[in-house]
Amino acid sequence: MRNVGFRIKENFERLEEDVIRGFQNIPTPNIGDVMGRQWAMHHSIKPVNHPGIHIVGSAFTVRTHPSDNLLVHKAMDLAKPGDIIVIDACGDMGNAILGELMCHYAKVKGIAGYIVDGPVRDLKGIADMGFPVFARGGTPRGPYKEGPGEINTTISCGNVPVSPGDIVVADDDGVIIIPKEDVTAVAKDAKELAAKEVEIVKSIYDGTWDRTWVDEVLQKKGCLVFE
Ligand SMILES: O=C([O-])CC(=O)C(=O)O
Ligand SMILES: [Mg+2]
């Protein structure tokens, strides 16, 4: 029996630390742009409390029943330092999937953050402790603790598939997933794009930013320009 819908995979292969660290200073828009503008979660999954945050880590995945966090409690005990717990709660806004107690515990365990496709609660407590939480919003209505759910199977979070060990990068703009087999190429391309944007900013201020492409595209598309 495979117990589909109620099963726990305790471990998975994580990428090397220096590979994960390679994304540390890269903004999520640069990563998304080199991935065909795909792989960004739905915009409503955003930081609940702390502007200026930027986290990177291995995805530790959880699928929960939309009103229930039994499997999230188990995930906190199984996750390794540096992991980011990514929770598919179906985008349902009925019940908070976690709160400040679970953030304190995650912080003590070295977990890097939570991404929740659903709501959380205790927003002030979470803000005061500064633990990174990305979610669809807040509600005081609490979670049940009955299951079912799954740990470390492929989930959907914010309309993006997430498998255990994929890289999660999350900042003020939202959350990006990089499938683990694409990590090296994406890191290289995103770093190059981030450096190019630094050069573009310089060229904006010294008046050399090349604007010719705008008219080229408009002309090619057949746009009528008139006075
Ligand atoms: O009741 C729960 O499991 C969630 C919660 O509020 C907390 O972690 O503080
Ligand atoms: Mg609470």
# chains A, B, ... in the order shown; residues from 1 in each chain; ligands from 1
call {"tool": "select_by_dssp", "arguments": {"residues": "region 49-185 of chain A", "states": "helix (DSSP H, G or I)", "output": "VMD selection string"}}
result
chain A and resid 70 to 78 100 to 109 123 to 129 180 to 185
call {"tool": "residues_near_ligand", "arguments": {"ligand": "ligand 2", "cutoff": "6 Å", "atoms": "only C-alpha atoms and all ligand atoms", "output": "count of residues only"}}
result
4
call {"tool": "residues_around", "arguments": {"residues": "Met102 (chain A)", "least_positions_apart": "5", "cutoff": "10 Å", "atoms": "only C-alpha atoms", "output": "number ranges by chain"}}
result
A: 72-73, 76, 97, 107-108, 114, 126
call {"tool": "closest_residue", "arguments": {"among": "A:Arg141, A:His43, A:Arg14, A:Lys221", "to": "ligand 1", "atoms": "only C-alpha atoms and all ligand atoms"}}
result
A:Arg141
call {"tool": "atom_distance", "arguments": {"atom1": "CA of Arg21 (chain A)", "atom2": "CA of Ile55 (chain A)"}}
result
10.0 Å
call {"tool": "closest_residue", "arguments": {"among": "A:Arg37, A:Lys191, A:Lys124, A:Lys109", "to": "ligand 1", "atoms": "only C-alpha atoms and all ligand atoms"}}
result
A:Lys124
call {"tool": "residues_around", "arguments": {"residues": "Val186 (chain A)", "least_positions_apart": "5", "cutoff": "8 Å", "atoms": "only C-alpha atoms", "output": "list in words"}}
result
Ile31, Val34, Met35 and Ile178 of chain A
call {"tool": "closest_residue", "arguments": {"among": "A:Pro27, A:Gly57, A:Gly36, A:Pro143", "to": "ligand 1", "atoms": "only C-alpha atoms and all ligand atoms"}}
result
A:Pro143
call {"tool": "closest_residue", "arguments": {"among": "A:Ala187, A:Ile45, A:Leu70, A:Ile111", "to": "ligand 1", "atoms": "only C-alpha atoms and all ligand atoms"}}
result
A:Leu70
call {"tool": "atom_distance", "arguments": {"atom1": "CA of Gly113 (chain A)", "atom2": "CA of Asp83 (chain A)"}}
result
7.5 Å
call {"tool": "atom_distance", "arguments": {"atom1": "CA of Pro81 (chain A)", "atom2": "CA of Leu123 (chain A)"}}
result
23.3 Å
call {"tool": "closest_residue", "arguments": {"among": "A:Leu98, A:Ala194, A:Cys103, A:Ala170", "to": "Asp33 (chain A)", "atoms": "only C-alpha atoms"}}
result
A:Ala194
call {"tool": "closest_residue", "arguments": {"among": "A:Ser203, A:Asn159, A:Thr208, A:Ser67", "to": "Gln38 (chain A)", "atoms": "only C-alpha atoms"}}
result
A:Asn159
call {"tool": "residues_around", "arguments": {"residues": "Gly138 (chain A)", "least_positions_apart": "2", "cutoff": "6 Å", "atoms": "only C-alpha atoms", "output": "ChimeraX atom specification"}}
result
/A:119-121
call {"tool": "write_last_selection", "arguments": {"atoms": "C-alpha atoms", "output": "JSON list (two decimals), in the first residue's frame"}}
result
[["chain", "number", "residue", "atom", "x", "y", "z"],
["A", 119, "PRO", "CA", -3.09, 31.96, 5.37],
["A", 120, "VAL", "CA", -1.13, 32.16, 8.65],
["A", 121, "ARG", "CA", -1.90, 33.82, 12.02]]
call {"tool": "residues_around", "arguments": {"residues": "Cys90 (chain A)", "least_positions_apart": "4", "cutoff": "8 Å", "atoms": "only C-alpha atoms", "output": "list of chain:residue names"}}
result
A:Thr64, A:His65, A:Pro66, A:Asp117, A:Gly118, A:Ser156, A:Cys157
